[in-house]
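The block underneath contains the structure these notes are about, expressed in structure tokens.
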Amino acid sequence: MGGRKRALLVGINYPGTKAELKGCHNDVDRMRRSLVDRFGFDEDDIRVLSDKDRAGPQPTGANIRRALARLVADARPGDFLFFHYSGHGTRLPAETGQQDDTGYDECIVPCDMNLITDQDFRDLVQKVPDGCLFTIVSDSCHSGGLLDSAKEQIGNSTRQNKTQSCEPEERPDFGSGSGFRSFLKETVRDVFESEGIHIPHSRHSHSHHGGDDQDEASEQPSGDGRIKNRSLPLSTLIEMLKEQTGKDDIDVGSIRMTLFNIFGDDASPKIKKFMKVMLGKFHQGQSGEHGGSGGVMGMVGALAQEFLKAKLEGNEEEAFKPALEQEVHSVDEVYAGTKSWAPNNGILISGCQTNQTSADATTPQGVSFGALSNAIQTILAGKHGKVTNKDLVMKAREMLSKQGYTQQPGLYCSDENVHVAFIC
């Protein structure tokens with residue numbers, strides 16, 4: 001087919017850390033071979049970022065963001081772009097302190113914890129020229145919402161309450177609360193799960209369908225293999241940020257501020273916008289506006305204010321320059337989970353729904369892989385002709401279900417891209 005084919009593949013195992021995975025390097029190696037052998041990509045047009053070789057460029061947030069920007073910047077009509085990510089995903093809860101800010105930002109987790117948000121991907125795909133197709137495969141947790149606002153063709157991430165579990169019909173009835181109540185409910189569940197307290201049928205479950213309450217040891221799809229999910233709990237993220245910074249006062253309420261403090265201009269654009277808004281709210285409070293409330297409201301207020309006070313002891317313009325340069329038209333632009341314009345030329349194939357986790361599996365023979373990545377390679381190996389995006393996702397769902405996984409891959413794209421061939 002006409003047009004250049006270019007790809008970025010990212011595989012992160014986080015070796016030697018509390019977040020360590022096993023299958024992400026293998027996922028990327030297999031996808032690279034598939035791009036060359038099946039899809040006709042030139043080796044020189046495939047960029048790989050992996051933490052397998054510490055001597056090479058690492059899959060940091062800045063490196064991934066720059067590589068994606070180059071991929072899109074060089075695109076022309078008729079080109080095919082492909083991005084594969086295997087690694088941890090996480091969800092950042094709201095931190096503005098506004099009562100109506102109760103959502104989550106879905107993120108991928110680079111090796112240095114410099115998170116890349118769903119809105120970052122939305123902004124990236126918006127820059128793809130017309131006539132160029134950009135396919136994203138994210139074999140990570142909570143990846144159903146990663147391409148912010150893309151139309152959901154297969155899946156239920158956008159049609160369900162954000163706090164539903166993988167198996168909502170079996171979840172205990174907590175009532176029909178919404179807004180802040182639902183946010184707190186999900187946050188409490190996160191805390192228990194991240195501390196190792198298993199809550200049956202939670203979104204961290206990889207149990208067989210229809211089973212009774214099971215402990216973690218029994219939650220294996222088959223045989224004696226090992227299953228770990230690719231969700232980075234907030235508690236682990238916070239612990240790793242504490243180790244990285246040497247600071248012990250990091251908690252929900254200051255995660256985005258900590259990321260800005262560490263990474264500055266290399267932080268997510270959405271996090272830089274968040275900092276600009278919070279700085280404005282702080283100054284309003286200092287000047288006595290909004291009834292002298294301090295500007296930063298709610299349960300996260302104290303942490304936010306202490307952080308800003310410490311940061312403001314130096315040169316404000318220099319310290320906040322990356323944030324001050326951002327354009328922000330209203331405070332709700334930085335709300336967690338804010339949705340906006342939907343891209344037409346981006347295709348997301350996610351490992352699971354927004355509220356689910358994806359499996360990192362190791363067979364009894366010691367072979368490790370992501371459940372979605374393995375399903376994709378198995379499907380492609382079994383069919384030599386064209387495989388459409390819809391065919392691939394439906395077959396992957398069927399395959400994973402038969403293998404005992406509860407995660408449900410999703411397809412997010414415009415109507416005209418549902419039946420086009422996967423990748424090219």
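Identifiers in the structure tokens: chain A, B, ... in order shown; residue index from 1 per chain; ligand index from 1 in order shown.
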* Picked from stretch 12-157 of chain A by DSSP as strand (DSSP E or B), as a count of residues only -> 34
* Using only C-alpha atoms, which residues sit within 12 Å of A:Leu81 once same-chain residues fewer than 3 positions away are excluded, as number ranges by chain? -> A: 3-9, 35, 39, 41, 45-47, 68-78, 84, 125, 128-129, 131-137, 345-347, 422-424
* Among the residues A:Asp79, A:Phe263, A:Met240, A:Tyr85, the one that comes closest to A:Asp130 [using only C-alpha atoms] ->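 For A:Asp130, the nearest of the given residues is A:Asp79.
Going from atom CA of A:Gln284 over to atom CA of A:Ala336, you cover 21.8 Å.
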* In Å to one decimal, how far is atom CA of A:Asn13 from atom CA of A:Gly40? ->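 Value for the atom CA of A:Gly40-atom CA of A:Asn13 distance: 27.5 Å.
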* To do: Tell me, as a PyMOL selection string, which residues lie within 10 Å of A:Gln153, counting only C-alpha atoms; anything in the same chain fewer than 4 positions away does not count.
  => chain A and resi 390+410-415+417-418
Can you write just those residues out, all heavy atoms, as a PDB file, in the first residue's frame?
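So the final result, stored in again07.pdb, reads:
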```pdb
ATOM      1  N   LYS A 390     -12.162  -4.364  14.101  1.00  0.00           N
ATOM      2  CA  LYS A 390     -13.269  -5.001  14.811  1.00  0.00           C
ATOM      3  C   LYS A 390     -13.045  -6.495  14.965  1.00  0.00           C
ATOM      4  O   LYS A 390     -13.250  -7.053  16.059  1.00  0.00           O
ATOM      5  CB  LYS A 390     -14.592  -4.748  14.082  1.00  0.00           C
ATOM      6  CG  LYS A 390     -15.796  -5.341  14.803  1.00  0.00           C
ATOM      7  CD  LYS A 390     -17.109  -5.018  14.118  1.00  0.00           C
ATOM      8  CE  LYS A 390     -18.294  -5.612  14.886  1.00  0.00           C
ATOM      9  NZ  LYS A 390     -19.588  -5.309  14.237  1.00  0.00           N
ATOM     10  N   GLY A 410     -11.079  -3.324  24.208  1.00  0.00           N
ATOM     11  CA  GLY A 410     -12.026  -2.383  23.611  1.00  0.00           C
ATOM     12  C   GLY A 410     -11.486  -1.771  22.336  1.00  0.00           C
ATOM     13  O   GLY A 410     -10.273  -1.799  22.068  1.00  0.00           O
ATOM     14  N   LEU A 411     -12.402  -1.235  21.523  1.00  0.00           N
ATOM     15  CA  LEU A 411     -12.045  -0.548  20.283  1.00  0.00           C
ATOM     16  C   LEU A 411     -12.657   0.845  20.311  1.00  0.00           C
ATOM     17  O   LEU A 411     -13.862   0.999  20.503  1.00  0.00           O
ATOM     18  CB  LEU A 411     -12.572  -1.321  19.062  1.00  0.00           C
ATOM     19  CG  LEU A 411     -12.397  -0.643  17.695  1.00  0.00           C
ATOM     20  CD1 LEU A 411     -10.919  -0.432  17.370  1.00  0.00           C
ATOM     21  CD2 LEU A 411     -13.073  -1.470  16.596  1.00  0.00           C
ATOM     22  N   TYR A 412     -11.828   1.854  20.120  1.00  0.00           N
ATOM     23  CA  TYR A 412     -12.261   3.249  20.176  1.00  0.00           C
ATOM     24  C   TYR A 412     -11.771   3.960  18.925  1.00  0.00           C
ATOM     25  O   TYR A 412     -10.567   4.122  18.709  1.00  0.00           O
ATOM     26  CB  TYR A 412     -11.690   3.920  21.441  1.00  0.00           C
ATOM     27  CG  TYR A 412     -12.040   3.154  22.689  1.00  0.00           C
ATOM     28  CD1 TYR A 412     -11.278   2.061  23.091  1.00  0.00           C
ATOM     29  CD2 TYR A 412     -13.155   3.491  23.435  1.00  0.00           C
ATOM     30  CE1 TYR A 412     -11.625   1.323  24.211  1.00  0.00           C
ATOM     31  CE2 TYR A 412     -13.505   2.768  24.569  1.00  0.00           C
ATOM     32  CZ  TYR A 412     -12.732   1.677  24.944  1.00  0.00           C
ATOM     33  OH  TYR A 412     -13.081   0.952  26.044  1.00  0.00           O
ATOM     34  N   CYS A 413     -12.716   4.366  18.075  1.00  0.00           N
ATOM     35  CA  CYS A 413     -12.360   5.021  16.815  1.00  0.00           C
ATOM     36  C   CYS A 413     -13.626   5.558  16.160  1.00  0.00           C
ATOM     37  O   CYS A 413     -14.741   5.316  16.632  1.00  0.00           O
ATOM     38  CB  CYS A 413     -11.647   4.054  15.871  1.00  0.00           C
ATOM     39  SG  CYS A 413     -12.657   2.636  15.352  1.00  0.00           S
ATOM     40  N   SER A 414     -13.465   6.276  15.068  1.00  0.00           N
ATOM     41  CA  SER A 414     -14.622   6.751  14.317  1.00  0.00           C
ATOM     42  C   SER A 414     -15.245   5.594  13.538  1.00  0.00           C
ATOM     43  O   SER A 414     -14.621   4.546  13.342  1.00  0.00           O
ATOM     44  CB  SER A 414     -14.205   7.867  13.350  1.00  0.00           C
ATOM     45  OG  SER A 414     -13.244   7.372  12.434  1.00  0.00           O
ATOM     46  N   ASP A 415     -16.479   5.776  13.081  1.00  0.00           N
ATOM     47  CA  ASP A 415     -17.203   4.706  12.387  1.00  0.00           C
ATOM     48  C   ASP A 415     -16.452   4.193  11.164  1.00  0.00           C
ATOM     49  O   ASP A 415     -16.439   2.986  10.889  1.00  0.00           O
ATOM     50  CB  ASP A 415     -18.587   5.203  11.948  1.00  0.00           C
ATOM     51  CG  ASP A 415     -19.505   5.475  13.135  1.00  0.00           C
ATOM     52  OD1 ASP A 415     -19.238   4.944  14.228  1.00  0.00           O
ATOM     53  OD2 ASP A 415     -20.478   6.244  12.965  1.00  0.00           O
ATOM     54  N   ASN A 417     -13.407   3.798  10.643  1.00  0.00           N
ATOM     55  CA  ASN A 417     -12.195   3.024  10.899  1.00  0.00           C
ATOM     56  C   ASN A 417     -12.458   1.679  11.587  1.00  0.00           C
ATOM     57  O   ASN A 417     -11.527   0.950  11.878  1.00  0.00           O
ATOM     58  CB  ASN A 417     -11.219   3.842  11.737  1.00  0.00           C
ATOM     59  CG  ASN A 417     -10.628   5.009  10.975  1.00  0.00           C
ATOM     60  OD1 ASN A 417     -10.409   4.904   9.769  1.00  0.00           O
ATOM     61  ND2 ASN A 417     -10.391   6.120  11.647  1.00  0.00           N
ATOM     62  N   VAL A 418     -13.737   1.373  11.815  1.00  0.00           N
ATOM     63  CA  VAL A 418     -14.067   0.109  12.483  1.00  0.00           C
ATOM     64  C   VAL A 418     -13.647  -1.087  11.633  1.00  0.00           C
ATOM     65  O   VAL A 418     -13.079  -2.065  12.137  1.00  0.00           O
ATOM     66  CB  VAL A 418     -15.583   0.043  12.782  1.00  0.00           C
ATOM     67  CG1 VAL A 418     -15.960  -1.341  13.316  1.00  0.00           C
ATOM     68  CG2 VAL A 418     -15.984   1.116  13.778  1.00  0.00           C
TER      69      VAL A 418
END
```
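By only C-alpha atoms, and with residues fewer than 3 positions from A:Leu259 along its chain excluded, the set lying at most 9 Å from it is Met113, Asn114, Leu115, Leu241, Ser254, Ile255, Arg256, Ile262, Phe263, Gly264, Ala267, Ser268 and Ile271 of chain A.
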What would the file look like if the residues just selected were written as a short mmCIF file (atom, residue, chain, number, x, y, z; two decimals), in the first residue's frame with all heavy atoms?
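Written output follows (out-v6.cif):
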```
data_model
loop_
_atom_site.label_atom_id
_atom_site.label_comp_id
_atom_site.auth_asym_id
_atom_site.auth_seq_id
_atom_site.Cartn_x
_atom_site.Cartn_y
_atom_site.Cartn_z
N MET A 113 8.20 7.41 36.18
CA MET A 113 6.93 7.83 36.82
C MET A 113 6.43 9.18 36.29
O MET A 113 5.50 9.74 36.87
CB MET A 113 7.05 7.90 38.36
CG MET A 113 7.52 6.63 39.03
SD MET A 113 6.35 5.26 38.86
CE MET A 113 7.35 4.10 37.92
N ASN A 114 6.98 9.69 35.21
CA ASN A 114 6.52 10.96 34.61
C ASN A 114 5.30 10.66 33.75
O ASN A 114 5.40 10.47 32.53
CB ASN A 114 7.65 11.59 33.79
CG ASN A 114 7.29 12.96 33.25
OD1 ASN A 114 6.24 13.51 33.55
ND2 ASN A 114 8.17 13.50 32.42
N LEU A 115 4.14 10.62 34.38
CA LEU A 115 2.91 10.11 33.78
C LEU A 115 2.52 10.83 32.49
O LEU A 115 2.69 12.04 32.36
CB LEU A 115 1.75 10.20 34.77
CG LEU A 115 1.96 9.51 36.12
CD1 LEU A 115 0.73 9.70 36.99
CD2 LEU A 115 2.28 8.03 35.95
N LEU A 241 7.50 7.72 44.23
CA LEU A 241 7.79 9.16 44.14
C LEU A 241 8.50 9.64 45.41
O LEU A 241 9.39 10.50 45.34
CB LEU A 241 6.50 9.95 43.94
CG LEU A 241 5.85 9.83 42.55
CD1 LEU A 241 4.49 10.54 42.53
CD2 LEU A 241 6.75 10.40 41.46
N SER A 254 -1.32 15.99 46.34
CA SER A 254 -0.07 16.64 45.90
C SER A 254 0.68 15.82 44.86
O SER A 254 1.84 16.10 44.58
CB SER A 254 0.84 16.89 47.11
OG SER A 254 1.27 15.66 47.69
N ILE A 255 0.03 14.80 44.27
CA ILE A 255 0.73 13.96 43.29
C ILE A 255 1.09 14.77 42.05
O ILE A 255 2.24 14.75 41.59
CB ILE A 255 -0.14 12.74 42.89
CG1 ILE A 255 -0.34 11.83 44.10
CG2 ILE A 255 0.54 11.95 41.76
CD1 ILE A 255 -1.31 10.69 43.85
N ARG A 256 0.12 15.51 41.50
CA ARG A 256 0.40 16.30 40.30
C ARG A 256 1.45 17.38 40.59
O ARG A 256 2.31 17.65 39.75
CB ARG A 256 -0.89 16.92 39.76
CG ARG A 256 -1.84 15.90 39.12
CD ARG A 256 -3.18 16.55 38.79
NE ARG A 256 -4.11 15.62 38.14
CZ ARG A 256 -4.85 14.73 38.79
NH1 ARG A 256 -4.77 14.64 40.11
NH2 ARG A 256 -5.67 13.92 38.13
N ILE A 262 9.23 17.59 40.07
CA ILE A 262 10.32 16.73 39.61
C ILE A 262 10.67 17.01 38.15
O ILE A 262 11.85 17.15 37.79
CB ILE A 262 9.95 15.24 39.75
CG1 ILE A 262 9.70 14.87 41.21
CG2 ILE A 262 11.04 14.35 39.16
CD1 ILE A 262 9.13 13.47 41.38
N PHE A 263 9.63 17.11 37.30
CA PHE A 263 9.87 17.08 35.86
C PHE A 263 9.75 18.43 35.16
O PHE A 263 10.20 18.58 34.03
CB PHE A 263 8.94 16.05 35.21
CG PHE A 263 9.12 14.67 35.75
CD1 PHE A 263 8.15 14.07 36.54
CD2 PHE A 263 10.28 13.95 35.48
CE1 PHE A 263 8.32 12.80 37.06
CE2 PHE A 263 10.46 12.67 35.99
CZ PHE A 263 9.48 12.10 36.78
N GLY A 264 9.12 19.40 35.81
CA GLY A 264 9.06 20.74 35.24
C GLY A 264 8.48 20.77 33.84
O GLY A 264 7.38 20.28 33.59
N ALA A 267 7.03 17.60 32.25
CA ALA A 267 5.81 16.99 32.79
C ALA A 267 4.69 17.04 31.75
O ALA A 267 4.77 17.76 30.75
CB ALA A 267 5.37 17.73 34.05
N SER A 268 3.65 16.26 31.99
CA SER A 268 2.48 16.26 31.11
C SER A 268 1.92 17.67 30.95
O SER A 268 1.83 18.41 31.94
CB SER A 268 1.40 15.35 31.71
OG SER A 268 0.11 15.68 31.20
N ILE A 271 -0.71 18.41 33.43
CA ILE A 271 -0.21 18.67 34.78
C ILE A 271 0.32 20.10 34.88
O ILE A 271 0.15 20.78 35.89
CB ILE A 271 0.85 17.62 35.17
CG1 ILE A 271 0.13 16.30 35.51
CG2 ILE A 271 1.71 18.09 36.33
CD1 ILE A 271 1.03 15.13 35.74
#
```
* Please identify all polymer residues within 7 Å of A:Ser140, counting only C-alpha atoms, omitting same-chain residues fewer than 6 positions from it, and present them as a list of chain:residue names. => A:Ser86, A:Gly87, A:His88, A:Gly89, A:Arg230, A:Gly351, A:Ser358
Can I get the selection written as a PDB file, in the first residue's frame, with C-alpha atoms?
```
ATOM      1  CA  SER A  86       3.161  -2.472  27.226  1.00  0.00           C
ATOM      2  CA  GLY A  87       3.568  -1.441  30.835  1.00  0.00           C
ATOM      3  CA  HIS A  88       1.695  -0.149  33.841  1.00  0.00           C
ATOM      4  CA  GLY A  89      -1.368   2.055  33.683  1.00  0.00           C
ATOM      5  CA  ARG A 230      -0.562  -4.058  34.998  1.00  0.00           C
ATOM      6  CA  GLY A 351      -6.255  -4.209  26.812  1.00  0.00           C
ATOM      7  CA  SER A 358      -4.791  -6.038  32.144  1.00  0.00           C
TER       8      SER A 358
END
```
* Asked: Please, what distance in Å, to one decimal, runs between atom CA of A:Gln119 and atom CA of A:Glu106?
  -> 8.6 Å
All residues 9 Å or closer to A:Asn374, only C-alpha atoms, same chain fewer than 4 positions away omitted, as a PDB file with N, CA, C and O atoms, in the first residue's frame:
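Saved result, part_17.pdb, follows:
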```
ATOM      1  N   ASP A  27       6.539  -8.559  24.686  1.00  0.00           N
ATOM      2  CA  ASP A  27       5.457  -8.000  23.863  1.00  0.00           C
ATOM      3  C   ASP A  27       6.016  -7.141  22.728  1.00  0.00           C
ATOM      4  O   ASP A  27       5.589  -7.241  21.575  1.00  0.00           O
ATOM      5  N   ARG A  30       7.981  -9.189  20.024  1.00  0.00           N
ATOM      6  CA  ARG A  30       7.077  -9.910  19.119  1.00  0.00           C
ATOM      7  C   ARG A  30       6.371  -8.951  18.169  1.00  0.00           C
ATOM      8  O   ARG A  30       6.199  -9.255  16.988  1.00  0.00           O
ATOM      9  N   PHE A 369       4.254 -12.506  28.989  1.00  0.00           N
ATOM     10  CA  PHE A 369       3.621 -11.665  27.974  1.00  0.00           C
ATOM     11  C   PHE A 369       2.427 -10.951  28.578  1.00  0.00           C
ATOM     12  O   PHE A 369       1.922 -11.326  29.632  1.00  0.00           O
ATOM     13  N   GLY A 370       1.972  -9.916  27.885  1.00  0.00           N
ATOM     14  CA  GLY A 370       0.704  -9.294  28.218  1.00  0.00           C
ATOM     15  C   GLY A 370      -0.413 -10.100  27.573  1.00  0.00           C
ATOM     16  O   GLY A 370      -0.273 -10.587  26.443  1.00  0.00           O
ATOM     17  N   THR A 378      -1.352 -14.193  18.475  1.00  0.00           N
ATOM     18  CA  THR A 378      -1.962 -15.496  18.173  1.00  0.00           C
ATOM     19  C   THR A 378      -2.979 -15.365  17.041  1.00  0.00           C
ATOM     20  O   THR A 378      -3.020 -16.201  16.126  1.00  0.00           O
ATOM     21  N   ILE A 379      -3.797 -14.321  17.082  1.00  0.00           N
ATOM     22  CA  ILE A 379      -4.804 -14.094  16.038  1.00  0.00           C
ATOM     23  C   ILE A 379      -4.146 -13.819  14.695  1.00  0.00           C
ATOM     24  O   ILE A 379      -4.540 -14.378  13.663  1.00  0.00           O
TER      25      ILE A 379
END
```
